[in-house]
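Student: A single structure is presented below for examination.
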Amino acid sequence: MFKEYDPLKFKIFQVMDDHGKIIHPKWKPALSGPEVLAAYQFMQFARTADLMTVSFQRQGRIYTYPPNLGQEAIAVAAGKVMQEEDWLVPAFREMGAWLLKGAKLHDLFLYWGGYEDGSRFSDAPHLLPSAVPIASQLPHAVGIGYALKYKKAPGVVFAFVGDGGTSQGDFHEALNFAGVWQVPVVFIIQNNQYAISVPVGKQTASKSLAVKSVAYGIPGLQVDGNDFFAVYAALDEAKKHAASGQGPVLIEAVTFRRGAHTTSDDPTLYRTAEEEKQWEEKDPIKRLRAYLVEQKLWREEDDGPLIEQYRQEVEKEFAIYENYPAYQLEDVFKYHFKDMPEDLRQQQVEYEKYLTWLEAQP
Amino acid sequence: MKVMNLVQAVNDALDIKLQEDPEVVVYGEDVGVEGGVFRVTQGLQKKYGQNRVFDSPLAESAIVGTALGMSLAGLKPVVEIQFSGFFFPAFNQIAAHVARMRNRSRGKYRAQLVIRMPYGGNIKALEHHSESMEALFVHVPGLKVVIPSTPYDAKGLLIAAIESEDPVIFMEPKQIYRAIKQEVPEEKFILPIGKARVLAEGTDLTVVAYGAMIREVQRAMIMAKKAGIAVELIDLRTIYPIDRETIAQSIKKTGRFLAVTEGPRSAGVGAELMAVANEEAFLSLEAPPTRLTGFDTVPPLPKGEHFYFHSPERIFYEIKKLREF
């Protein structure tokens, strides 16, 4: 696959067309009908949760949130390819992968709702908290890869970044280190066309982002990020490559962020309704549904009850967050060091004294 | 016991930890084949192999960022920044991730790693080879900052740093890398992080210093003694967390306080130490707490550096002024 789609050929890897028709059957992943259906349903779950999260934010019930709308195929395919021993090093716009890796939806609500507790992911080993400074998480992925290789432990690291992140020094340093050290890391660029307001064409003069792999001596591939089968096949191949000791892979998944950068962003300032419409036609859920309907594995009218069921699940998870215990003063302090320095303890004590005084005020 | 200089003591500490703990790895620019530009890691790659002691590509941000990743997956990396003047590209990794990972993950992950770097000036070096930027690290919540002043301390503190489950910035005073030799136990020993040491007892005033400044203060103390001033000298050893107790005890005895540091003055470690003196021993003070620091300038190139770095005479001048206040 990496030879046939050598990034210097500037050829995008696809398995199905925009209407769900399989155009490259030889690359179609060996997933059973029920497995494909499960992936589709999970994409619907992730979308339901995502859309509801945006409305929770609009209702003032959580804080700033970066929507995933339109990018579900990439995260869910990654989540499906990853196994227990694999590591997920996220950016912040890949909810489906987090959930499949074992994060609970209420963890995410806790995080976007203002509790660090939402980044503990007690049920998800090998999942890092989200990294806000762009691309700074990629060197961590390389270090984890080094540790896995050093310990001869199984597992591949899946590290996410956006198109804007490819301009950061850490992106290049991480790819370079990974290539030199030959570590088992799959870098996934979600090229969703915009870094907040800046289009990818103003981010780089390269003809693609995948082509950047060439300079680092590692395989690269540009894949249609809205084609679930193609993303799954590419990541599966990349994982096999990395797990067999052949080193890292760079995957550029071409997609479109149909929502805003975050709930604080207004996309009408920098893109047209026409562009949004074009990408809506290529929506990943729509395409996979067309395939499933054609295969008689699903009917369009099955979506309604499914989404309704998911809405109830999301509400239940959201209730866990809304009923969560209040943030305690000690939680500000106690996780900075294994044993809290006396100096820091005194800062907490000073504040407690102030609170005691405050409560005694008439 | 074996006579060692500071370079050999750091090497010895790394050797001991590499020997006893397979999770320890050592890397950075030129640390493998060459053994580091100061030869601190000399011989270690030969002894422990290229998987454990190695040259990384030349990029400080990735050196620190990958070390954090290794730590998250169970290794205990000790990385070298070749000169502290080159840590700036790594500062985002240090401040945004290394220092925060434990808190961010509510204790699920820890960053058990040590970032070593030679620092300090007065060595007739190129630009970017003379800085003392420890205050920047002290200002970042989640880091411990350690600076030894002797070979003995360097060994015991570095072993403690490698075993610390919190990230440690370990700054080595390159001015005295080879200038001081002393007997150091050959076996493993640990000096606790966060504990200062009273190097000389005195009743007239308290001087707190660390790193290469200790030797300069000791030289100034010979002049002070001739002038009849009994100085109590405290080697801070850990810049964060500060051993407030030892400083407070001393000021309660002497009533006068001088901090001697190399770095720029504003919002520096000297300012923090003066605040400690005020907060912990205000009623014992007979003179305002004072500080001798670098200027709020970049360290001058070699022809001008004698103005910037403290000579024993300059330190004695401050001691005398404070005594006479």
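Naming works like this for the structure tokens: A, B, ... for the chains as they're shown, residue 1 at the start of each chain, ligands 1 onward in shown order.
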Find the residues around B:Leu157 up to 8 Å (only C-alpha atoms counted), leave out those fewer than 3 positions away in its own chain, and share them as a compact mmCIF listing (two decimals) with N, CA and C atoms, in the first residue's frame.
Tutor:
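What landed in part.txt:
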# COMPACT_ATOMS: atom_id res chain seq x y z
N VAL B 146 17.42 21.67 41.42
CA VAL B 146 18.54 21.30 42.29
C VAL B 146 19.84 21.83 41.69
N PRO B 148 23.95 21.62 42.80
CA PRO B 148 24.99 21.25 43.76
C PRO B 148 26.16 22.23 43.69
N ASP B 153 27.98 16.63 46.99
CA ASP B 153 26.55 16.97 46.84
C ASP B 153 26.03 16.56 45.47
N ALA B 154 26.86 16.75 44.44
CA ALA B 154 26.42 16.43 43.08
C ALA B 154 26.04 14.96 43.00
N ALA B 160 19.40 11.14 44.16
CA ALA B 160 18.07 11.47 44.68
C ALA B 160 17.16 11.95 43.56
N ALA B 161 17.70 12.75 42.65
CA ALA B 161 16.90 13.29 41.55
C ALA B 161 16.40 12.18 40.63
N ILE B 190 22.44 8.95 49.16
CA ILE B 190 21.41 9.90 48.72
C ILE B 190 21.39 11.11 49.64
N LEU B 191 21.34 12.29 49.04
CA LEU B 191 21.12 13.51 49.82
C LEU B 191 19.69 13.98 49.53
N PRO B 192 18.94 14.30 50.56
CA PRO B 192 17.53 14.66 50.32
C PRO B 192 17.38 15.96 49.54
N ILE B 193 16.48 15.95 48.58
CA ILE B 193 16.13 17.18 47.85
C ILE B 193 15.28 18.04 48.79
Student: Need the shell around B:Gly294: protein/DNA/RNA residues with any atom at most 10 Å away, counting only C-alpha atoms. Skip same-chain ones fewer than 5 positions apart. Format as a PDB file with N, CA and C atoms, in the first residue's frame?
Tutor:
ATOM      1  N   GLU B 131      24.555  31.788  31.067  1.00  0.00           N
ATOM      2  CA  GLU B 131      23.331  32.165  31.763  1.00  0.00           C
ATOM      3  C   GLU B 131      23.111  31.379  33.058  1.00  0.00           C
ATOM      4  N   SER B 132      22.367  32.026  33.962  1.00  0.00           N
ATOM      5  CA  SER B 132      21.848  31.371  35.171  1.00  0.00           C
ATOM      6  C   SER B 132      20.349  31.630  35.211  1.00  0.00           C
ATOM      7  N   VAL B 260      23.211  35.660  47.631  1.00  0.00           N
ATOM      8  CA  VAL B 260      24.184  35.861  46.546  1.00  0.00           C
ATOM      9  C   VAL B 260      23.853  34.898  45.412  1.00  0.00           C
ATOM     10  N   THR B 261      23.421  35.464  44.283  1.00  0.00           N
ATOM     11  CA  THR B 261      23.058  34.635  43.126  1.00  0.00           C
ATOM     12  C   THR B 261      23.668  35.231  41.871  1.00  0.00           C
ATOM     13  N   GLU B 262      23.760  34.389  40.828  1.00  0.00           N
ATOM     14  CA  GLU B 262      24.375  34.840  39.574  1.00  0.00           C
ATOM     15  C   GLU B 262      23.387  35.447  38.589  1.00  0.00           C
ATOM     16  N   GLY B 263      22.148  34.983  38.649  1.00  0.00           N
ATOM     17  CA  GLY B 263      21.165  35.331  37.618  1.00  0.00           C
ATOM     18  C   GLY B 263      20.710  36.776  37.728  1.00  0.00           C
ATOM     19  N   PRO B 264      19.942  37.260  36.742  1.00  0.00           N
ATOM     20  CA  PRO B 264      19.444  38.633  36.756  1.00  0.00           C
ATOM     21  C   PRO B 264      18.604  38.911  38.008  1.00  0.00           C
ATOM     22  N   ARG B 265      18.533  40.195  38.381  1.00  0.00           N
ATOM     23  CA  ARG B 265      17.935  40.547  39.671  1.00  0.00           C
ATOM     24  C   ARG B 265      16.420  40.421  39.712  1.00  0.00           C
ATOM     25  N   SER B 266      15.724  41.050  38.751  1.00  0.00           N
ATOM     26  CA  SER B 266      14.273  41.206  38.882  1.00  0.00           C
ATOM     27  C   SER B 266      13.553  39.866  38.899  1.00  0.00           C
ATOM     28  N   GLY B 268      14.086  37.387  40.627  1.00  0.00           N
ATOM     29  CA  GLY B 268      15.029  36.274  40.660  1.00  0.00           C
ATOM     30  C   GLY B 268      14.972  35.501  41.965  1.00  0.00           C
ATOM     31  N   GLY B 270      17.110  35.592  44.294  1.00  0.00           N
ATOM     32  CA  GLY B 270      17.462  36.500  45.385  1.00  0.00           C
ATOM     33  C   GLY B 270      16.218  37.174  45.962  1.00  0.00           C
ATOM     34  N   PRO B 299      24.491  38.459  30.220  1.00  0.00           N
ATOM     35  CA  PRO B 299      25.886  38.387  30.653  1.00  0.00           C
ATOM     36  C   PRO B 299      26.778  38.878  29.510  1.00  0.00           C
ATOM     37  N   PHE B 307      32.685  42.573  34.967  1.00  0.00           N
ATOM     38  CA  PHE B 307      31.743  43.495  35.590  1.00  0.00           C
ATOM     39  C   PHE B 307      30.525  42.755  36.143  1.00  0.00           C
ATOM     40  N   TYR B 308      30.172  41.670  35.465  1.00  0.00           N
ATOM     41  CA  TYR B 308      28.898  41.009  35.751  1.00  0.00           C
ATOM     42  C   TYR B 308      29.020  39.969  36.860  1.00  0.00           C
ATOM     43  N   PHE B 309      30.032  39.131  36.761  1.00  0.00           N
ATOM     44  CA  PHE B 309      30.115  38.005  37.702  1.00  0.00           C
ATOM     45  C   PHE B 309      30.798  38.439  38.991  1.00  0.00           C
ATOM     46  N   HIS B 310      30.333  37.892  40.101  1.00  0.00           N
ATOM     47  CA  HIS B 310      30.767  38.390  41.406  1.00  0.00           C
ATOM     48  C   HIS B 310      32.168  37.903  41.761  1.00  0.00           C
TER      49      HIS B 310
END
Student: Counting only C-alpha atoms, collect the residues of chain A whose closest atom lies at most 10 Å from chain B, and write them out as a PDB file with C-alpha atoms, in the first residue's frame.
Tutor:
ATOM      1  CA  TRP A  87      -1.270   3.853  23.152  1.00  0.00           C
ATOM      2  CA  VAL A  89      -1.692  10.200  22.244  1.00  0.00           C
ATOM      3  CA  TYR A 115     -12.514  19.207  36.290  1.00  0.00           C
ATOM      4  CA  GLU A 116      -9.024  17.748  35.856  1.00  0.00           C
ATOM      5  CA  ASP A 117     -10.604  14.492  37.057  1.00  0.00           C
ATOM      6  CA  GLY A 118     -11.830  14.107  33.483  1.00  0.00           C
ATOM      7  CA  SER A 119      -8.247  13.510  32.331  1.00  0.00           C
ATOM      8  CA  ARG A 120      -7.531  10.618  34.663  1.00  0.00           C
ATOM      9  CA  PHE A 121      -9.283   8.013  32.473  1.00  0.00           C
ATOM     10  CA  SER A 122      -9.226   5.387  35.205  1.00  0.00           C
ATOM     11  CA  PRO A 125      -4.705   2.467  30.295  1.00  0.00           C
ATOM     12  CA  HIS A 126      -2.436   3.876  27.607  1.00  0.00           C
ATOM     13  CA  LEU A 128      -2.903  10.353  27.543  1.00  0.00           C
ATOM     14  CA  PRO A 129      -4.859  13.465  28.495  1.00  0.00           C
ATOM     15  CA  SER A 130      -5.612  15.896  25.716  1.00  0.00           C
ATOM     16  CA  ALA A 131      -2.742  18.182  24.695  1.00  0.00           C
ATOM     17  CA  VAL A 132      -3.741  21.785  24.157  1.00  0.00           C
ATOM     18  CA  PRO A 133      -0.434  23.318  22.919  1.00  0.00           C
ATOM     19  CA  SER A 136       3.562  19.361  21.550  1.00  0.00           C
ATOM     20  CA  GLN A 137       2.217  15.861  22.244  1.00  0.00           C
ATOM     21  CA  LEU A 138       4.052  14.271  19.332  1.00  0.00           C
ATOM     22  CA  PRO A 139       7.464  13.981  21.034  1.00  0.00           C
ATOM     23  CA  HIS A 140       5.686  12.189  23.903  1.00  0.00           C
ATOM     24  CA  ALA A 141       4.436   9.588  21.440  1.00  0.00           C
ATOM     25  CA  VAL A 142       7.986   9.053  20.211  1.00  0.00           C
ATOM     26  CA  GLY A 143       9.235   8.618  23.776  1.00  0.00           C
ATOM     27  CA  ILE A 144       6.509   6.088  24.525  1.00  0.00           C
ATOM     28  CA  GLY A 145       7.477   4.288  21.321  1.00  0.00           C
ATOM     29  CA  TYR A 146      11.084   4.219  22.473  1.00  0.00           C
ATOM     30  CA  ALA A 147      10.054   2.760  25.831  1.00  0.00           C
ATOM     31  CA  LEU A 148       7.959   0.037  24.152  1.00  0.00           C
ATOM     32  CA  LYS A 149      10.840  -0.880  21.876  1.00  0.00           C
ATOM     33  CA  TYR A 150      13.355  -0.763  24.735  1.00  0.00           C
ATOM     34  CA  LYS A 151      11.225  -3.025  26.907  1.00  0.00           C
ATOM     35  CA  GLY A 169       8.744  22.491  15.288  1.00  0.00           C
ATOM     36  CA  ASP A 170       7.627  19.642  17.526  1.00  0.00           C
ATOM     37  CA  PHE A 171       5.942  17.961  14.538  1.00  0.00           C
ATOM     38  CA  HIS A 172       9.196  17.935  12.618  1.00  0.00           C
ATOM     39  CA  GLU A 173      11.349  17.058  15.600  1.00  0.00           C
ATOM     40  CA  ALA A 174       9.064  14.168  16.491  1.00  0.00           C
ATOM     41  CA  LEU A 175       9.036  12.757  12.957  1.00  0.00           C
ATOM     42  CA  ASN A 176      12.783  13.105  12.767  1.00  0.00           C
ATOM     43  CA  PHE A 177      13.433  11.416  16.118  1.00  0.00           C
ATOM     44  CA  ALA A 178      10.930   8.667  15.286  1.00  0.00           C
ATOM     45  CA  VAL A 180      16.135   7.900  13.526  1.00  0.00           C
ATOM     46  CA  TRP A 181      15.036   5.727  16.436  1.00  0.00           C
ATOM     47  CA  ASP A 331      -7.552  19.274  44.584  1.00  0.00           C
ATOM     48  CA  VAL A 332      -5.854  22.485  43.444  1.00  0.00           C
ATOM     49  CA  PHE A 333      -2.706  21.521  45.328  1.00  0.00           C
ATOM     50  CA  LYS A 334      -2.321  17.858  45.925  1.00  0.00           C
ATOM     51  CA  TYR A 335      -1.409  16.476  42.518  1.00  0.00           C
ATOM     52  CA  HIS A 336       1.543  18.686  41.677  1.00  0.00           C
ATOM     53  CA  PHE A 337       4.085  16.538  43.455  1.00  0.00           C
ATOM     54  CA  LYS A 338       4.146  13.025  44.818  1.00  0.00           C
ATOM     55  CA  ASP A 339       4.615  14.521  48.276  1.00  0.00           C
ATOM     56  CA  MET A 340       3.461  18.074  48.657  1.00  0.00           C
ATOM     57  CA  PRO A 341       6.304  20.459  49.556  1.00  0.00           C
ATOM     58  CA  GLU A 342       5.786  22.219  52.883  1.00  0.00           C
ATOM     59  CA  ASP A 343       5.812  25.560  51.117  1.00  0.00           C
ATOM     60  CA  LEU A 344       2.862  24.535  48.964  1.00  0.00           C
TER      61      LEU A 344
END
Student: Find the distance between atom CA of A:Glu350 and atom CA of B:Ala267 and write it in Å to one decimal.
Tutor: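 Atom-to-atom, atom CA of A:Glu350 and atom CA of B:Ala267 are spaced 22.4 Å apart.
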Student: Residues within 9 Å of stretch 267-279 of chain A, please, as a list in words. Count only C-alpha atoms; anything in the same chain fewer than 3 positions from it doesn't count.
Tutor: Gly70, Ile196, Ser197, Val198, Pro199, Thr255, Phe256, Arg257, Arg258, Gly259, Ala260, His261, Lys282 and Asp283 of chain A
Student: As an MDAnalysis selection string, please: every residue in stretch 149-354 of chain A that DSSP puts in helix (DSSP H, G or I).
Tutor: chainID A and resid 149:150 164:167 169:181 200:202 212:215 228:246 267:269 273:281 284:294 300:322 329:333 342:354
Student: For A:Asn68, list every protein, DNA or RNA residue within 10 Å, evaluated using only C-alpha atoms, and leave out those in the same chain fewer than 4 positions away; present the list as a short mmCIF file (atom, residue, chain, number, x, y, z; two decimals) with C-alpha atoms, in the first residue's frame.
Tutor:
data_model
loop_
_atom_site.label_atom_id
_atom_site.label_comp_id
_atom_site.auth_asym_id
_atom_site.auth_seq_id
_atom_site.Cartn_x
_atom_site.Cartn_y
_atom_site.Cartn_z
CA ALA A 46 -19.82 9.84 18.62
CA ARG A 47 -21.77 12.30 16.46
CA ALA A 49 -22.52 12.91 21.75
CA ASP A 50 -20.65 15.63 19.87
CA LEU A 51 -23.77 17.51 18.76
CA VAL A 54 -22.18 21.61 21.56
CA GLU A 72 -15.85 10.76 12.94
CA ALA A 75 -11.27 8.65 15.15
CA PHE A 92 -8.22 17.13 21.23
CA ARG A 93 -10.56 16.42 18.30
CA GLU A 94 -10.84 12.66 18.17
CA MET A 95 -13.61 11.77 20.59
CA GLY A 96 -14.43 8.42 18.98
CA PHE A 256 -13.34 18.67 6.83
CA ARG A 257 -14.25 20.18 10.15
CA ARG A 258 -17.94 20.81 9.56
CA GLY A 259 -18.33 22.57 12.88
CA ALA A 260 -16.46 25.46 14.43
CA HIS A 261 -12.88 25.21 15.70
CA THR A 262 -14.31 25.52 19.18
#
Student: Tell me, which residues of stretch 239-293 of chain A carry DSSP strand (DSSP E or B), written as a list in words?
Tutor: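 DSSP on the backbone gives strand (DSSP E or B) at Val249, Leu250, Ile251, Glu252, Ala253 and Val254 of chain A.
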Student: Would you compute the distance between atom CA of B:Val78 and atom CA of B:Val31? Give it in Å to one decimal.
Tutor: 11.0 Å
Student: Between A:Leu127, A:Ala230, A:Ala135, A:Ala242, which residue has the minimum interatomic distance to A:Gln182, considering only C-alpha atoms?
Tutor: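 For A:Gln182, the nearest of the given residues is A:Ala242.
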Student: Using only C-alpha atoms, pick whichever of A:Ala38, A:Ile320, A:Met16, A:Leu306 has the shortest atom-to-atom distance to A:Leu105.
Tutor: A:Ile320
Student: Excluding stretch 255-257 of chain B and its own-chain neighbours fewer than 5 positions away, which residues fall within 8 Å of it when counting only C-alpha atoms? Please give them as a PyMOL selection string.
Tutor: chain B and resi 204-208+274+277+284-290+322-323
Student: Write the residues of the selection above to a file with N, CA and C atoms, as a JSON list (two decimals), in the first residue's frame.
Tutor:
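Contents of result_10.json, as written:
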[["chain", "number", "residue", "atom", "x", "y", "z"],
["B", 204, "ASP", "N", 27.20, 36.97, 62.82],
["B", 204, "ASP", "CA", 26.97, 38.36, 62.42],
["B", 204, "ASP", "C", 25.98, 38.52, 61.27],
["B", 205, "LEU", "N", 26.07, 37.65, 60.31],
["B", 205, "LEU", "CA", 25.08, 37.72, 59.23],
["B", 205, "LEU", "C", 25.01, 36.39, 58.48],
["B", 206, "THR", "N", 23.87, 36.21, 57.79],
["B", 206, "THR", "CA", 23.61, 34.98, 57.06],
["B", 206, "THR", "C", 23.76, 35.24, 55.57],
["B", 207, "VAL", "N", 24.56, 34.41, 54.92],
["B", 207, "VAL", "CA", 24.62, 34.48, 53.46],
["B", 207, "VAL", "C", 24.04, 33.17, 52.91],
["B", 208, "VAL", "N", 23.09, 33.29, 51.98],
["B", 208, "VAL", "CA", 22.58, 32.11, 51.28],
["B", 208, "VAL", "C", 23.05, 32.18, 49.83],
["B", 274, "MET", "N", 14.81, 36.84, 49.80],
["B", 274, "MET", "CA", 14.51, 38.00, 50.65],
["B", 274, "MET", "C", 13.08, 37.92, 51.18],
["B", 277, "ALA", "N", 13.10, 35.55, 54.01],
["B", 277, "ALA", "CA", 13.65, 36.20, 55.21],
["B", 277, "ALA", "C", 12.59, 37.08, 55.88],
["B", 284, "SER", "N", 13.30, 39.24, 63.74],
["B", 284, "SER", "CA", 14.71, 39.07, 64.12],
["B", 284, "SER", "C", 15.63, 39.94, 63.29],
["B", 285, "LEU", "N", 15.10, 40.57, 62.25],
["B", 285, "LEU", "CA", 15.97, 41.30, 61.32],
["B", 285, "LEU", "C", 16.43, 42.63, 61.91],
["B", 286, "GLU", "N", 17.72, 42.86, 61.81],
["B", 286, "GLU", "CA", 18.28, 44.13, 62.27],
["B", 286, "GLU", "C", 18.65, 45.03, 61.11],
["B", 287, "ALA", "N", 18.52, 44.50, 59.90],
["B", 287, "ALA", "CA", 18.79, 45.27, 58.68],
["B", 287, "ALA", "C", 17.89, 44.70, 57.59],
["B", 288, "PRO", "N", 17.60, 45.51, 56.56],
["B", 288, "PRO", "CA", 16.76, 44.98, 55.48],
["B", 288, "PRO", "C", 17.46, 43.79, 54.81],
["B", 289, "PRO", "N", 16.72, 42.74, 54.49],
["B", 289, "PRO", "CA", 17.31, 41.64, 53.73],
["B", 289, "PRO", "C", 17.85, 42.19, 52.41],
["B", 290, "THR", "N", 18.98, 41.70, 51.99],
["B", 290, "THR", "CA", 19.60, 42.23, 50.78],
["B", 290, "THR", "C", 19.97, 41.11, 49.82],
["B", 322, "LEU", "N", 26.38, 45.39, 54.80],
["B", 322, "LEU", "CA", 25.25, 44.85, 55.56],
["B", 322, "LEU", "C", 25.59, 44.81, 57.06],
["B", 323, "ARG", "N", 26.82, 44.46, 57.36],
["B", 323, "ARG", "CA", 27.23, 44.40, 58.77],
["B", 323, "ARG", "C", 27.17, 45.78, 59.41]]
